[in-house]
Structures are given as structure tokens and as C-alpha cells.
$ cat structure.pdb   # PDB, C-alpha atoms
ATOM      1  CA  MET R   1       7.349  35.223  -7.977  1.00  0.00           C
ATOM      2  CA  ILE R   2      10.035  34.380  -5.454  1.00  0.00           C
ATOM      3  CA  LEU R   3      10.357  36.300  -2.185  1.00  0.00           C
ATOM      4  CA  TYR R   4      13.986  36.963  -1.278  1.00  0.00           C
ATOM      5  CA  PRO R   5      14.546  37.800   2.401  1.00  0.00           C
ATOM      6  CA  ALA R   6      17.364  40.346   2.626  1.00  0.00           C
ATOM      7  CA  ILE R   7      20.383  40.146   4.890  1.00  0.00           C
ATOM      8  CA  ASP R   8      22.371  43.370   4.622  1.00  0.00           C
ATOM      9  CA  LEU R   9      25.744  43.168   6.348  1.00  0.00           C
ATOM     10  CA  LYS R  10      27.507  46.061   8.087  1.00  0.00           C
ATOM     11  CA  ALA R  11      30.393  45.386  10.471  1.00  0.00           C
ATOM     12  CA  GLY R  12      29.368  41.736  10.644  1.00  0.00           C
ATOM     13  CA  ALA R  13      25.762  42.368  11.709  1.00  0.00           C
ATOM     14  CA  CYS R  14      22.395  42.265   9.929  1.00  0.00           C
ATOM     15  CA  VAL R  15      21.209  45.828   9.411  1.00  0.00           C
ATOM     16  CA  ARG R  16      18.729  47.813   7.366  1.00  0.00           C
ATOM     17  CA  LEU R  17      19.528  51.237   6.000  1.00  0.00           C
ATOM     18  CA  LEU R  18      17.140  54.101   5.358  1.00  0.00           C
ATOM     19  CA  ARG R  19      17.359  55.171   1.707  1.00  0.00           C
ATOM     20  CA  GLY R  20      20.889  53.821   1.432  1.00  0.00           C
ATOM     21  CA  GLU R  21      22.415  56.059   4.106  1.00  0.00           C
ATOM     22  CA  MET R  22      25.110  54.176   6.015  1.00  0.00           C
ATOM     23  CA  ASP R  23      24.655  56.450   9.061  1.00  0.00           C
ATOM     24  CA  GLN R  24      20.957  55.484   9.132  1.00  0.00           C
ATOM     25  CA  ALA R  25      21.521  51.814   9.924  1.00  0.00           C
ATOM     26  CA  THR R  26      19.350  49.803  12.314  1.00  0.00           C
ATOM     27  CA  VAL R  27      20.860  46.583  13.652  1.00  0.00           C
ATOM     28  CA  PHE R  28      18.349  43.730  13.636  1.00  0.00           C
ATOM     29  CA  ASN R  29      20.560  40.754  14.406  1.00  0.00           C
ATOM     30  CA  GLU R  30      24.189  40.480  15.478  1.00  0.00           C
ATOM     31  CA  ASP R  31      24.324  36.904  14.166  1.00  0.00           C
ATOM     32  CA  PRO R  32      23.796  36.726  10.365  1.00  0.00           C
ATOM     33  CA  ALA R  33      24.028  32.924  10.342  1.00  0.00           C
ATOM     34  CA  ALA R  34      21.236  32.656  12.901  1.00  0.00           C
ATOM     35  CA  GLN R  35      19.123  35.058  10.849  1.00  0.00           C
ATOM     36  CA  ALA R  36      19.737  32.983   7.734  1.00  0.00           C
ATOM     37  CA  ARG R  37      18.660  29.826   9.569  1.00  0.00           C
ATOM     38  CA  ALA R  38      15.501  31.567  10.774  1.00  0.00           C
ATOM     39  CA  PHE R  39      14.562  32.619   7.250  1.00  0.00           C
ATOM     40  CA  ALA R  40      15.252  29.127   5.921  1.00  0.00           C
ATOM     41  CA  ALA R  41      13.211  27.542   8.713  1.00  0.00           C
ATOM     42  CA  SER R  42      10.281  29.792   7.754  1.00  0.00           C
ATOM     43  CA  GLY R  43      10.388  28.413   4.225  1.00  0.00           C
ATOM     44  CA  ALA R  44      12.562  30.868   2.313  1.00  0.00           C
ATOM     45  CA  GLU R  45      13.666  29.469  -1.042  1.00  0.00           C
ATOM     46  CA  TRP R  46      16.482  31.989  -1.584  1.00  0.00           C
ATOM     47  CA  LEU R  47      18.434  34.557   0.449  1.00  0.00           C
ATOM     48  CA  HIS R  48      19.537  37.976  -0.784  1.00  0.00           C
ATOM     49  CA  VAL R  49      22.770  39.040   0.930  1.00  0.00           C
ATOM     50  CA  VAL R  50      24.532  42.380   0.512  1.00  0.00           C
ATOM     51  CA  ASP R  51      27.969  43.311   1.833  1.00  0.00           C
ATOM     52  CA  LEU R  52      27.264  47.004   2.465  1.00  0.00           C
ATOM     53  CA  ASP R  53      30.794  47.789   3.615  1.00  0.00           C
ATOM     54  CA  GLY R  54      32.113  45.994   0.555  1.00  0.00           C
ATOM     55  CA  ALA R  55      29.931  48.075  -1.755  1.00  0.00           C
ATOM     56  CA  PHE R  56      31.620  51.229  -0.472  1.00  0.00           C
ATOM     57  CA  ALA R  57      35.120  49.758  -0.264  1.00  0.00           C
ATOM     58  CA  GLY R  58      35.035  48.033  -3.656  1.00  0.00           C
ATOM     59  CA  ARG R  59      36.155  44.727  -2.151  1.00  0.00           C
ATOM     60  CA  PRO R  60      34.588  42.109   0.162  1.00  0.00           C
ATOM     61  CA  GLU R  61      34.480  43.353   3.761  1.00  0.00           C
ATOM     62  CA  ASN R  62      32.070  40.914   5.440  1.00  0.00           C
ATOM     63  CA  ALA R  63      33.454  37.667   4.082  1.00  0.00           C
ATOM     64  CA  ALA R  64      33.365  35.880   7.435  1.00  0.00           C
ATOM     65  CA  ALA R  65      29.667  36.672   7.886  1.00  0.00           C
ATOM     66  CA  VAL R  66      28.852  35.558   4.346  1.00  0.00           C
ATOM     67  CA  GLU R  67      30.741  32.304   4.817  1.00  0.00           C
ATOM     68  CA  ALA R  68      28.890  31.708   8.098  1.00  0.00           C
ATOM     69  CA  ILE R  69      25.583  32.149   6.260  1.00  0.00           C
ATOM     70  CA  LEU R  70      26.650  29.664   3.595  1.00  0.00           C
ATOM     71  CA  SER R  71      27.555  27.147   6.280  1.00  0.00           C
ATOM     72  CA  ALA R  72      24.258  27.674   8.101  1.00  0.00           C
ATOM     73  CA  VAL R  73      21.781  27.056   5.270  1.00  0.00           C
ATOM     74  CA  SER R  74      21.375  24.846   2.228  1.00  0.00           C
ATOM     75  CA  ILE R  75      19.091  27.161   0.221  1.00  0.00           C
ATOM     76  CA  PRO R  76      20.667  29.230  -2.573  1.00  0.00           C
ATOM     77  CA  VAL R  77      22.181  32.607  -1.739  1.00  0.00           C
ATOM     78  CA  GLN R  78      22.692  35.567  -4.054  1.00  0.00           C
ATOM     79  CA  LEU R  79      25.365  38.058  -2.995  1.00  0.00           C
ATOM     80  CA  GLY R  80      26.165  41.626  -3.942  1.00  0.00           C
ATOM     81  CA  GLY R  81      28.520  44.302  -2.699  1.00  0.00           C
ATOM     82  CA  GLY R  82      32.160  44.910  -3.548  1.00  0.00           C
ATOM     83  CA  VAL R  83      32.608  42.338  -6.325  1.00  0.00           C
ATOM     84  CA  ARG R  84      34.514  44.205  -9.025  1.00  0.00           C
ATOM     85  CA  ASP R  85      36.649  41.573 -10.778  1.00  0.00           C
ATOM     86  CA  MET R  86      36.588  37.976 -11.984  1.00  0.00           C
ATOM     87  CA  GLY R  87      38.792  36.732  -9.153  1.00  0.00           C
ATOM     88  CA  ALA R  88      36.382  37.940  -6.480  1.00  0.00           C
ATOM     89  CA  LEU R  89      33.371  36.648  -8.396  1.00  0.00           C
ATOM     90  CA  GLU R  90      34.793  33.192  -8.998  1.00  0.00           C
ATOM     91  CA  GLY R  91      36.023  33.033  -5.416  1.00  0.00           C
ATOM     92  CA  TRP R  92      32.465  33.464  -4.142  1.00  0.00           C
ATOM     93  CA  LEU R  93      31.048  30.983  -6.625  1.00  0.00           C
ATOM     94  CA  ALA R  94      33.623  28.437  -5.471  1.00  0.00           C
ATOM     95  CA  LYS R  95      32.571  28.999  -1.839  1.00  0.00           C
ATOM     96  CA  GLY R  96      28.956  28.213  -2.639  1.00  0.00           C
ATOM     97  CA  ILE R  97      27.287  31.480  -3.616  1.00  0.00           C
ATOM     98  CA  SER R  98      24.641  30.597  -6.201  1.00  0.00           C
ATOM     99  CA  ARG R  99      24.463  33.992  -7.894  1.00  0.00           C
ATOM    100  CA  VAL R 100      26.704  37.057  -7.710  1.00  0.00           C
ATOM    101  CA  ILE R 101      25.170  40.501  -8.181  1.00  0.00           C
ATOM    102  CA  LEU R 102      27.268  43.087 -10.005  1.00  0.00           C
ATOM    103  CA  GLY R 103      26.190  46.702  -9.543  1.00  0.00           C
ATOM    104  CA  THR R 104      28.955  49.279  -9.776  1.00  0.00           C
ATOM    105  CA  ALA R 105      30.824  46.994 -12.185  1.00  0.00           C
ATOM    106  CA  ALA R 106      27.782  46.966 -14.473  1.00  0.00           C
ATOM    107  CA  VAL R 107      28.358  50.682 -15.026  1.00  0.00           C
ATOM    108  CA  ARG R 108      32.129  50.915 -14.718  1.00  0.00           C
ATOM    109  CA  ASP R 109      33.213  47.681 -16.404  1.00  0.00           C
ATOM    110  CA  PRO R 110      30.497  46.216 -18.662  1.00  0.00           C
ATOM    111  CA  ALA R 111      33.039  44.057 -20.511  1.00  0.00           C
ATOM    112  CA  PHE R 112      33.815  42.237 -17.243  1.00  0.00           C
ATOM    113  CA  VAL R 113      30.127  41.746 -16.436  1.00  0.00           C
ATOM    114  CA  LYS R 114      29.378  40.335 -19.883  1.00  0.00           C
ATOM    115  CA  ALA R 115      32.416  38.062 -19.739  1.00  0.00           C
ATOM    116  CA  ALA R 116      31.377  36.824 -16.304  1.00  0.00           C
ATOM    117  CA  ALA R 117      27.815  36.141 -17.454  1.00  0.00           C
ATOM    118  CA  LYS R 118      29.119  34.191 -20.430  1.00  0.00           C
ATOM    119  CA  ALA R 119      31.590  32.208 -18.338  1.00  0.00           C
ATOM    120  CA  HIS R 120      29.074  31.423 -15.595  1.00  0.00           C
ATOM    121  CA  PRO R 121      25.598  31.076 -17.156  1.00  0.00           C
ATOM    122  CA  GLY R 122      22.747  31.664 -14.736  1.00  0.00           C
ATOM    123  CA  ARG R 123      25.045  32.772 -11.939  1.00  0.00           C
ATOM    124  CA  VAL R 124      25.573  36.483 -12.621  1.00  0.00           C
ATOM    125  CA  ALA R 125      22.946  39.151 -11.964  1.00  0.00           C
ATOM    126  CA  VAL R 126      23.065  42.890 -12.567  1.00  0.00           C
ATOM    127  CA  GLY R 127      22.057  45.191  -9.738  1.00  0.00           C
ATOM    128  CA  ILE R 128      20.512  48.449 -10.926  1.00  0.00           C
ATOM    129  CA  ASP R 129      20.022  50.895  -8.085  1.00  0.00           C
ATOM    130  CA  ALA R 130      18.281  54.102  -9.123  1.00  0.00           C
ATOM    131  CA  ARG R 131      17.653  57.493  -7.584  1.00  0.00           C
ATOM    132  CA  GLY R 132      15.203  59.560  -9.608  1.00  0.00           C
ATOM    133  CA  GLY R 133      15.521  57.070 -12.461  1.00  0.00           C
ATOM    134  CA  LYS R 134      19.311  57.499 -12.650  1.00  0.00           C
ATOM    135  CA  VAL R 135      21.740  54.742 -11.720  1.00  0.00           C
ATOM    136  CA  ALA R 136      23.710  55.084  -8.483  1.00  0.00           C
ATOM    137  CA  VAL R 137      27.036  53.338  -7.849  1.00  0.00           C
ATOM    138  CA  GLU R 138      29.735  52.940  -5.179  1.00  0.00           C
ATOM    139  CA  GLY R 139      27.299  51.846  -2.486  1.00  0.00           C
ATOM    140  CA  TRP R 140      24.750  54.407  -3.736  1.00  0.00           C
ATOM    141  CA  ALA R 141      27.133  57.219  -2.792  1.00  0.00           C
ATOM    142  CA  GLU R 142      27.377  58.493  -6.383  1.00  0.00           C
ATOM    143  CA  THR R 143      24.519  59.022  -8.819  1.00  0.00           C
ATOM    144  CA  THR R 144      25.426  58.795 -12.498  1.00  0.00           C
ATOM    145  CA  GLY R 145      23.656  60.320 -15.462  1.00  0.00           C
ATOM    146  CA  GLU R 146      22.745  56.925 -16.899  1.00  0.00           C
ATOM    147  CA  GLY R 147      19.111  55.885 -16.963  1.00  0.00           C
ATOM    148  CA  ALA R 148      18.136  52.622 -15.310  1.00  0.00           C
ATOM    149  CA  THR R 149      16.303  51.309 -18.348  1.00  0.00           C
ATOM    150  CA  ASP R 150      19.181  52.198 -20.682  1.00  0.00           C
ATOM    151  CA  LEU R 151      21.573  50.236 -18.483  1.00  0.00           C
ATOM    152  CA  ALA R 152      19.244  47.247 -18.394  1.00  0.00           C
ATOM    153  CA  LYS R 153      18.904  47.238 -22.170  1.00  0.00           C
ATOM    154  CA  ALA R 154      22.691  47.246 -22.523  1.00  0.00           C
ATOM    155  CA  TYR R 155      22.738  43.736 -21.062  1.00  0.00           C
ATOM    156  CA  GLU R 156      20.107  42.199 -23.334  1.00  0.00           C
ATOM    157  CA  GLY R 157      21.488  39.019 -24.842  1.00  0.00           C
ATOM    158  CA  ALA R 158      24.514  38.964 -22.538  1.00  0.00           C
ATOM    159  CA  GLY R 159      23.352  35.951 -20.554  1.00  0.00           C
ATOM    160  CA  VAL R 160      22.608  37.857 -17.340  1.00  0.00           C
ATOM    161  CA  ALA R 161      20.444  35.719 -15.037  1.00  0.00           C
ATOM    162  CA  ALA R 162      18.440  38.581 -13.537  1.00  0.00           C
ATOM    163  CA  ILE R 163      18.257  42.296 -12.939  1.00  0.00           C
ATOM    164  CA  ILE R 164      17.697  43.426  -9.370  1.00  0.00           C
ATOM    165  CA  TYR R 165      16.057  46.837  -9.558  1.00  0.00           C
ATOM    166  CA  THR R 166      16.106  48.992  -6.430  1.00  0.00           C
ATOM    167  CA  ASP R 167      14.448  52.367  -6.026  1.00  0.00           C
ATOM    168  CA  ILE R 168      16.789  53.914  -3.461  1.00  0.00           C
ATOM    169  CA  GLU R 169      14.269  56.470  -2.222  1.00  0.00           C
ATOM    170  CA  ARG R 170      11.939  53.628  -1.249  1.00  0.00           C
ATOM    171  CA  ASP R 171      14.574  51.366   0.323  1.00  0.00           C
ATOM    172  CA  GLY R 172      14.004  50.903   4.051  1.00  0.00           C
ATOM    173  CA  ALA R 173      11.383  53.652   4.084  1.00  0.00           C
ATOM    174  CA  MET R 174       8.411  51.282   4.445  1.00  0.00           C
ATOM    175  CA  GLN R 175       6.435  53.334   1.922  1.00  0.00           C
ATOM    176  CA  GLY R 176       5.849  50.675  -0.712  1.00  0.00           C
ATOM    177  CA  PRO R 177       7.834  49.811  -3.844  1.00  0.00           C
ATOM    178  CA  ASN R 178       7.935  51.884  -7.012  1.00  0.00           C
ATOM    179  CA  VAL R 179       5.620  49.528  -8.868  1.00  0.00           C
ATOM    180  CA  ALA R 180       5.294  51.682 -11.982  1.00  0.00           C
ATOM    181  CA  ALA R 181       9.048  52.089 -12.531  1.00  0.00           C
ATOM    182  CA  THR R 182       9.733  48.429 -11.787  1.00  0.00           C
ATOM    183  CA  ALA R 183       7.024  47.257 -14.170  1.00  0.00           C
ATOM    184  CA  ALA R 184       8.234  49.621 -16.899  1.00  0.00           C
ATOM    185  CA  LEU R 185      11.769  48.253 -16.576  1.00  0.00           C
ATOM    186  CA  ALA R 186      10.523  44.662 -16.697  1.00  0.00           C
ATOM    187  CA  ARG R 187       8.542  45.398 -19.862  1.00  0.00           C
ATOM    188  CA  ALA R 188      11.563  47.011 -21.502  1.00  0.00           C
ATOM    189  CA  VAL R 189      13.828  43.939 -21.311  1.00  0.00           C
ATOM    190  CA  SER R 190      13.559  40.177 -21.606  1.00  0.00           C
ATOM    191  CA  ILE R 191      15.897  39.623 -18.633  1.00  0.00           C
ATOM    192  CA  PRO R 192      14.040  38.503 -15.477  1.00  0.00           C
ATOM    193  CA  VAL R 193      13.552  41.433 -13.063  1.00  0.00           C
ATOM    194  CA  ILE R 194      13.513  41.250  -9.257  1.00  0.00           C
ATOM    195  CA  ALA R 195      11.921  44.181  -7.412  1.00  0.00           C
ATOM    196  CA  SER R 196      13.644  45.748  -4.414  1.00  0.00           C
ATOM    197  CA  GLY R 197      13.081  48.740  -2.185  1.00  0.00           C
ATOM    198  CA  GLY R 198      10.076  49.575  -0.037  1.00  0.00           C
ATOM    199  CA  VAL R 199       8.324  46.194   0.002  1.00  0.00           C
ATOM    200  CA  SER R 200       6.612  46.487   3.381  1.00  0.00           C
ATOM    201  CA  SER R 201       3.278  44.631   3.273  1.00  0.00           C
ATOM    202  CA  LEU R 202       1.369  41.812   1.641  1.00  0.00           C
ATOM    203  CA  ASP R 203      -0.485  44.465  -0.351  1.00  0.00           C
ATOM    204  CA  ASP R 204       2.860  45.611  -1.794  1.00  0.00           C
ATOM    205  CA  LEU R 205       3.593  42.063  -2.892  1.00  0.00           C
ATOM    206  CA  ARG R 206       0.137  41.786  -4.445  1.00  0.00           C
ATOM    207  CA  ALA R 207       0.705  45.036  -6.328  1.00  0.00           C
ATOM    208  CA  LEU R 208       3.976  43.751  -7.751  1.00  0.00           C
ATOM    209  CA  ARG R 209       2.508  40.372  -8.652  1.00  0.00           C
ATOM    210  CA  GLU R 210      -0.451  41.989 -10.405  1.00  0.00           C
ATOM    211  CA  CYS R 211       1.395  44.889 -12.076  1.00  0.00           C
ATOM    212  CA  GLY R 212       1.055  43.292 -15.495  1.00  0.00           C
ATOM    213  CA  ALA R 213       4.800  42.868 -15.998  1.00  0.00           C
ATOM    214  CA  PRO R 214       6.606  39.517 -15.728  1.00  0.00           C
ATOM    215  CA  LEU R 215       8.462  40.084 -12.448  1.00  0.00           C
ATOM    216  CA  ASP R 216      10.624  37.195 -11.284  1.00  0.00           C
ATOM    217  CA  GLY R 217      10.641  38.076  -7.605  1.00  0.00           C
ATOM    218  CA  ALA R 218      10.743  40.655  -4.841  1.00  0.00           C
ATOM    219  CA  ILE R 219      13.193  41.427  -2.043  1.00  0.00           C
ATOM    220  CA  SER R 220      12.110  42.445   1.440  1.00  0.00           C
ATOM    221  CA  GLY R 221      14.144  43.194   4.530  1.00  0.00           C
ATOM    222  CA  ARG R 222      12.914  45.530   7.254  1.00  0.00           C
ATOM    223  CA  ALA R 223       9.286  44.393   6.976  1.00  0.00           C
ATOM    224  CA  LEU R 224      10.322  40.797   7.638  1.00  0.00           C
ATOM    225  CA  TYR R 225      12.462  41.786  10.606  1.00  0.00           C
ATOM    226  CA  ASP R 226       9.810  43.880  12.322  1.00  0.00           C
ATOM    227  CA  GLY R 227       6.938  41.498  11.570  1.00  0.00           C
ATOM    228  CA  ARG R 228       4.958  43.561   9.084  1.00  0.00           C
ATOM    229  CA  ILE R 229       5.301  40.683   6.630  1.00  0.00           C
ATOM    230  CA  ASP R 230       5.006  37.064   7.717  1.00  0.00           C
ATOM    231  CA  LEU R 231       7.390  35.143   5.482  1.00  0.00           C
ATOM    232  CA  ALA R 232       5.318  31.963   5.225  1.00  0.00           C
ATOM    233  CA  GLU R 233       2.149  33.923   4.473  1.00  0.00           C
ATOM    234  CA  ALA R 234       3.918  36.019   1.864  1.00  0.00           C
ATOM    235  CA  MET R 235       5.332  32.984   0.107  1.00  0.00           C
ATOM    236  CA  ALA R 236       1.909  31.374  -0.025  1.00  0.00           C
ATOM    237  CA  LEU R 237       0.493  34.566  -1.539  1.00  0.00           C
ATOM    238  CA  LEU R 238       3.156  34.697  -4.249  1.00  0.00           C
ATOM    239  CA  LYS R 239       2.454  31.128  -5.293  1.00  0.00           C
ATOM    240  CA  GLU R 240      -1.141  32.054  -6.096  1.00  0.00           C
ATOM    241  CA  PRO R 241      -1.889  33.043  -9.709  1.00  0.00           C
ATOM    242  CA  ALA R 242      -2.133  36.764 -10.357  1.00  0.00           C
ATOM    243  CA  SER R 243      -5.666  38.051 -10.810  1.00  0.00           C
ATOM    244  CA  CYS R 244      -4.816  40.217 -13.838  1.00  0.00           C
TER     245      CYS R 244
END

$ encode --input "structure.pdb" --output "C-alpha cells"
Amino acid sequence: MILYPAIDLKAGACVRLLRGEMDQATVFNEDPAAQARAFAASGAEWLHVVDLDGAFAGRPENAAAVEAILSAVSIPVQLGGGVRDMGALEGWLAKGISRVILGTAAVRDPAFVKAAAKAHPGRVAVGIDARGGKVAVEGWAETTGEGATDLAKAYEGAGVAAIIYTDIERDGAMQGPNVAATAALARAVSIPVIASGGVSSLDDLRALRECGAPLDGAISGRALYDGRIDLAEAMALLKEPASC
């Protein structure tokens, strides 16, 4: 499993939200590039970056911060938030983003997502953010009636590089990930699944690693910022074989 440190961008700063509420944002670093360098220096193999303002606006809103991150580090970066068309996606790929995450578009415009995955193999991921098992879109502001697993299955065979599954109720709450739901989703599809939301301790990472499902990675944000998880220690743990 790969550990993806999260850099969530709001008004150019690194923040963490509580359960996806934009008015419940805590600023952890005013300099996203410096935060990216710190994660890379601690041994991070990937970065997970989200343009929160872009997710609500439907277009990139923190482009300068993202570009600063790309200039600051050489490790691969996956980016989500506000990418709704091929022009925006290919623009980010050209600037050095390794993988673009499509969330709202995966619900609203599946033809675009499948075309993008076909055109750019290994560089398009689907973000599935769920509240009560139902997919949320538009920066989590709107919950649809579509089930998370149903949406994931719709992309089987489409060439999607990964599914990033977030349990919104766990995100930023420091209460542990929804291991059961994440494992069930991973068992339901052949697409690699990355767990997100609530990862707040080494025990949480152990639980995900040993859940019995083939998870590709886990994303953590707040716990890395406040020191509950030591990045180097966590990465060493995830390189150990699972005990199950």
C-alpha cells in the first residue's frame, strides 16, 4: 500500500475540512509548496492534492498553488477538484500532474471520463465520495441517489487507473476510516482502490492493510499535520506484509 499525504487547497493555503464542510476549515500551512517539500523530504512517494475551491466552482481555482507544488517536488502528484472537461485535464497533465482525479464528472459525464481514461492510460482516476453509501458531487455539496459501488462498477474495463473512495462522514473527523465499506468496494471491482477519510493513526493503516481486500493505498491529511501519524513510520509499516 502507498500512503498519500493530502494537501487540500482553499484560497491558496493548505487546509483540512471537517466532514467536507467548507466553513469548517483549519489552515495548517499558508505555503503549499513548502508543505509539499516537507512531505517529500519525509519520504512520501506520492502527493494527493485537491483544489477545494475548484470542486465547488467546477473549474480550477488554486492553479498557482498547484503549479508551485509541482515546481517544488519531483515525486508524482495526483490532483482532483474542478476538472470537468478534456481541456482542463490535458492542461494539468501537460504541466506535470501524474494523475487527474475526476469526481463530479464521473457522475455527470461518464462518456468524458471513459474517453479521458482511454486517451491517457494510467493517468485518470475516479473519485467516489460517499455519504451514507450514496455518491456526493459538486464539492460534496449535493448527495445523489447513486450507490458508490454501482458507480465503481460502471467504470470496470474503462482503463481507470484507480478509484479514490472517501467516506465523507469520516473525513477530517479523526475517527478512523470506514474499513468495511472500503473493503467491500475493493472486492466488488478489479480497479485499484485507494482509501480516504478518517485515517488518523497507525492502527487505522494496519486495519486497512489487513482488511482482506486488495487496497492500493490510503490518503491521510490532518493526522500527518498534527503529528498523530509519523510519515516515515507509516510508510515503513505499509511496506511490511499484511498478517492476514

$ closest_residue --input "structure.pdb" --among "R:Ala195, R:Ala33, R:Met86, R:Ala38" --to "Ala232 of chain R" --atoms "all atoms listed in the file"
R:Ala38

$ atom_distance --input "structure.pdb" --atom1 "atom CA of Gly145 of chain R" --atom2 "atom CA of Ile219 of chain R"
25.4 Å

$ resolve_selection --input "structure.pdb" --expression "the PyMOL selection byres ((chain R and resi 3) around 9)" --output "list of chain:residue names"
R:Met1, R:Ile2, R:Tyr4, R:Pro5, R:Ala44, R:Glu45, R:Trp46, R:Leu47, R:Leu205, R:Gly217, R:Ala218, R:Ile219, R:Ser220, R:Leu231, R:Ala234, R:Met235, R:Leu238

$ residues_around --input "structure.pdb" --residues "Gly58 of chain R" --least-positions-apart "3" --cutoff "9 Å" --atoms "all atoms listed in the file" --output "PDB file with C-alpha atoms, in the coordinates of the input"
ATOM      1  CA  ASP R  53      30.794  47.789   3.615  1.00  0.00           C
ATOM      2  CA  GLY R  54      32.113  45.994   0.555  1.00  0.00           C
ATOM      3  CA  ALA R  55      29.931  48.075  -1.755  1.00  0.00           C
ATOM      4  CA  GLU R  61      34.480  43.353   3.761  1.00  0.00           C
ATOM      5  CA  GLY R  81      28.520  44.302  -2.699  1.00  0.00           C
ATOM      6  CA  GLY R  82      32.160  44.910  -3.548  1.00  0.00           C
ATOM      7  CA  VAL R  83      32.608  42.338  -6.325  1.00  0.00           C
ATOM      8  CA  ARG R  84      34.514  44.205  -9.025  1.00  0.00           C
ATOM      9  CA  THR R 104      28.955  49.279  -9.776  1.00  0.00           C
ATOM     10  CA  GLU R 138      29.735  52.940  -5.179  1.00  0.00           C
ATOM     11  CA  GLY R 139      27.299  51.846  -2.486  1.00  0.00           C
TER      12      GLY R 139
END

$ closest_residue --input "structure.pdb" --among "R:Val113, R:Leu208, R:Val66, R:Ala88" --to "His48 of chain R" --atoms "all atoms listed in the file"
R:Val66

$ residues_around --input "structure.pdb" --residues "Asp216 of chain R" --least-positions-apart "5" --cutoff "6 Å" --atoms "all atoms listed in the file" --output "list in words"
Met1, Pro192, Val193 and Ile194 of chain R

$ closest_residue --input "structure.pdb" --among "R:Lys114, R:Arg16, R:Arg228, R:Arg37" --to "Leu102 of chain R" --atoms "only C-alpha atoms"
R:Lys114

$ resolve_selection --input "structure.pdb" --expression "the PyMOL selection byres ((chain R and resi 125) around 10)" --output "MDAnalysis selection string"
chainID R and resid 78:80 99:103 106 113 116:117 121:124 126:128 159:164 191:193

$ axis_aligned_box --input "structure.pdb" --around "segment 198-213 of chain R" --padding-each-side "3 Å" --output "lines of an AutoDock Vina configuration file"
center_x = 4.8
center_y = 45.0
center_z = -6.3
size_x = 16.6
size_y = 15.2
size_z = 25.4

$ atom_distance --input "structure.pdb" --atom1 "atom CA of Ala236 of chain R" --atom2 "atom CA of Cys211 of chain R"
18.1 Å

$ closest_residue --input "structure.pdb" --among "R:Pro32, R:Ala11, R:Val189, R:Ala207" --to "Glu156 of chain R" --atoms "all atoms listed in the file"
R:Val189

$ closest_residue --input "structure.pdb" --among "R:Ala13, R:Val107, R:Ala180, R:Ile229" --to "Gly147 of chain R" --atoms "all atoms listed in the file"
R:Val107

$ atom_distance --input "structure.pdb" --atom1 "atom CA of Ala36 of chain R" --atom2 "atom CA of Ile69 of chain R"
6.1 Å

$ resolve_selection --input "structure.pdb" --expression "the PyMOL selection byres ((chain R and resi 199) around 10)" --output "mmCIF file with C-alpha atoms, in the coordinates of the input"
data_model
loop_
_atom_site.group_PDB
_atom_site.id
_atom_site.type_symbol
_atom_site.label_atom_id
_atom_site.label_comp_id
_atom_site.auth_asym_id
_atom_site.auth_seq_id
_atom_site.Cartn_x
_atom_site.Cartn_y
_atom_site.Cartn_z
ATOM 1 C CA ARG R 170 11.939 53.628 -1.249
ATOM 2 C CA ASP R 171 14.574 51.366 0.323
ATOM 3 C CA GLY R 172 14.004 50.903 4.051
ATOM 4 C CA ALA R 173 11.383 53.652 4.084
ATOM 5 C CA MET R 174 8.411 51.282 4.445
ATOM 6 C CA GLN R 175 6.435 53.334 1.922
ATOM 7 C CA GLY R 176 5.849 50.675 -0.712
ATOM 8 C CA PRO R 177 7.834 49.811 -3.844
ATOM 9 C CA ASN R 178 7.935 51.884 -7.012
ATOM 10 C CA VAL R 179 5.620 49.528 -8.868
ATOM 11 C CA ALA R 195 11.921 44.181 -7.412
ATOM 12 C CA SER R 196 13.644 45.748 -4.414
ATOM 13 C CA GLY R 197 13.081 48.740 -2.185
ATOM 14 C CA GLY R 198 10.076 49.575 -0.037
ATOM 15 C CA SER R 200 6.612 46.487 3.381
ATOM 16 C CA SER R 201 3.278 44.631 3.273
ATOM 17 C CA LEU R 202 1.369 41.812 1.641
ATOM 18 C CA ASP R 203 -0.485 44.465 -0.351
ATOM 19 C CA ASP R 204 2.860 45.611 -1.794
ATOM 20 C CA LEU R 205 3.593 42.063 -2.892
ATOM 21 C CA ALA R 207 0.705 45.036 -6.328
ATOM 22 C CA LEU R 208 3.976 43.751 -7.751
ATOM 23 C CA ALA R 218 10.743 40.655 -4.841
ATOM 24 C CA ILE R 219 13.193 41.427 -2.043
ATOM 25 C CA SER R 220 12.110 42.445 1.440
ATOM 26 C CA GLY R 221 14.144 43.194 4.530
ATOM 27 C CA ARG R 222 12.914 45.530 7.254
ATOM 28 C CA ALA R 223 9.286 44.393 6.976
ATOM 29 C CA LEU R 224 10.322 40.797 7.638
ATOM 30 C CA ILE R 229 5.301 40.683 6.630
#

$ closest_residue --input "structure.pdb" --among "R:Val137, R:Val49, R:Phe112, R:Gly227" --to "Gly87 of chain R" --atoms "all atoms listed in the file"
R:Phe112

$ residues_around --input "structure.pdb" --residues "Gly12 of chain R" --least-positions-apart "5" --cutoff "8 Å" --atoms "all atoms listed in the file" --output "short mmCIF file (atom, residue, chain, number, x, y, z; two decimals) with C-alpha atoms, in the coordinates of the input"
data_model
loop_
_atom_site.label_atom_id
_atom_site.label_comp_id
_atom_site.auth_asym_id
_atom_site.auth_seq_id
_atom_site.Cartn_x
_atom_site.Cartn_y
_atom_site.Cartn_z
CA GLU R 30 24.19 40.48 15.48
CA ASP R 31 24.32 36.90 14.17
CA PRO R 32 23.80 36.73 10.36
CA ASN R 62 32.07 40.91 5.44
CA ALA R 64 33.36 35.88 7.44
CA ALA R 65 29.67 36.67 7.89
#

$ residues_around --input "structure.pdb" --residues "Arg131 of chain R" --least-positions-apart "6" --cutoff "8 Å" --atoms "all atoms listed in the file" --output "PyMOL selection string"
chain R and resi 143+167-169

$ decode --input "structure.pdb" --residues "segment 214-219 of chain R" --atoms "N, CA and C atoms" --output "PDB file, in the first residue's frame"
ATOM      1  N   PRO R 214      -7.790  -6.057  -1.603  1.00  0.00           N
ATOM      2  CA  PRO R 214      -6.543  -5.598  -2.218  1.00  0.00           C
ATOM      3  C   PRO R 214      -6.485  -4.077  -2.383  1.00  0.00           C
ATOM      4  N   LEU R 215      -6.347  -3.352  -1.272  1.00  0.00           N
ATOM      5  CA  LEU R 215      -6.279  -1.895  -1.356  1.00  0.00           C
ATOM      6  C   LEU R 215      -4.928  -1.454  -1.903  1.00  0.00           C
ATOM      7  N   ASP R 216      -4.963  -0.424  -2.749  1.00  0.00           N
ATOM      8  CA  ASP R 216      -3.751   0.071  -3.387  1.00  0.00           C
ATOM      9  C   ASP R 216      -3.046   1.112  -2.525  1.00  0.00           C
ATOM     10  N   GLY R 217      -3.805   1.798  -1.680  1.00  0.00           N
ATOM     11  CA  GLY R 217      -3.197   2.849  -0.881  1.00  0.00           C
ATOM     12  C   GLY R 217      -4.192   3.491   0.055  1.00  0.00           C
ATOM     13  N   ALA R 218      -3.694   4.476   0.810  1.00  0.00           N
ATOM     14  CA  ALA R 218      -4.527   5.228   1.740  1.00  0.00           C
ATOM     15  C   ALA R 218      -4.072   6.675   1.747  1.00  0.00           C
ATOM     16  N   ILE R 219      -5.024   7.572   1.951  1.00  0.00           N
ATOM     17  CA  ILE R 219      -4.763   9.011   1.994  1.00  0.00           C
ATOM     18  C   ILE R 219      -4.935   9.485   3.428  1.00  0.00           C
TER      19      ILE R 219
END
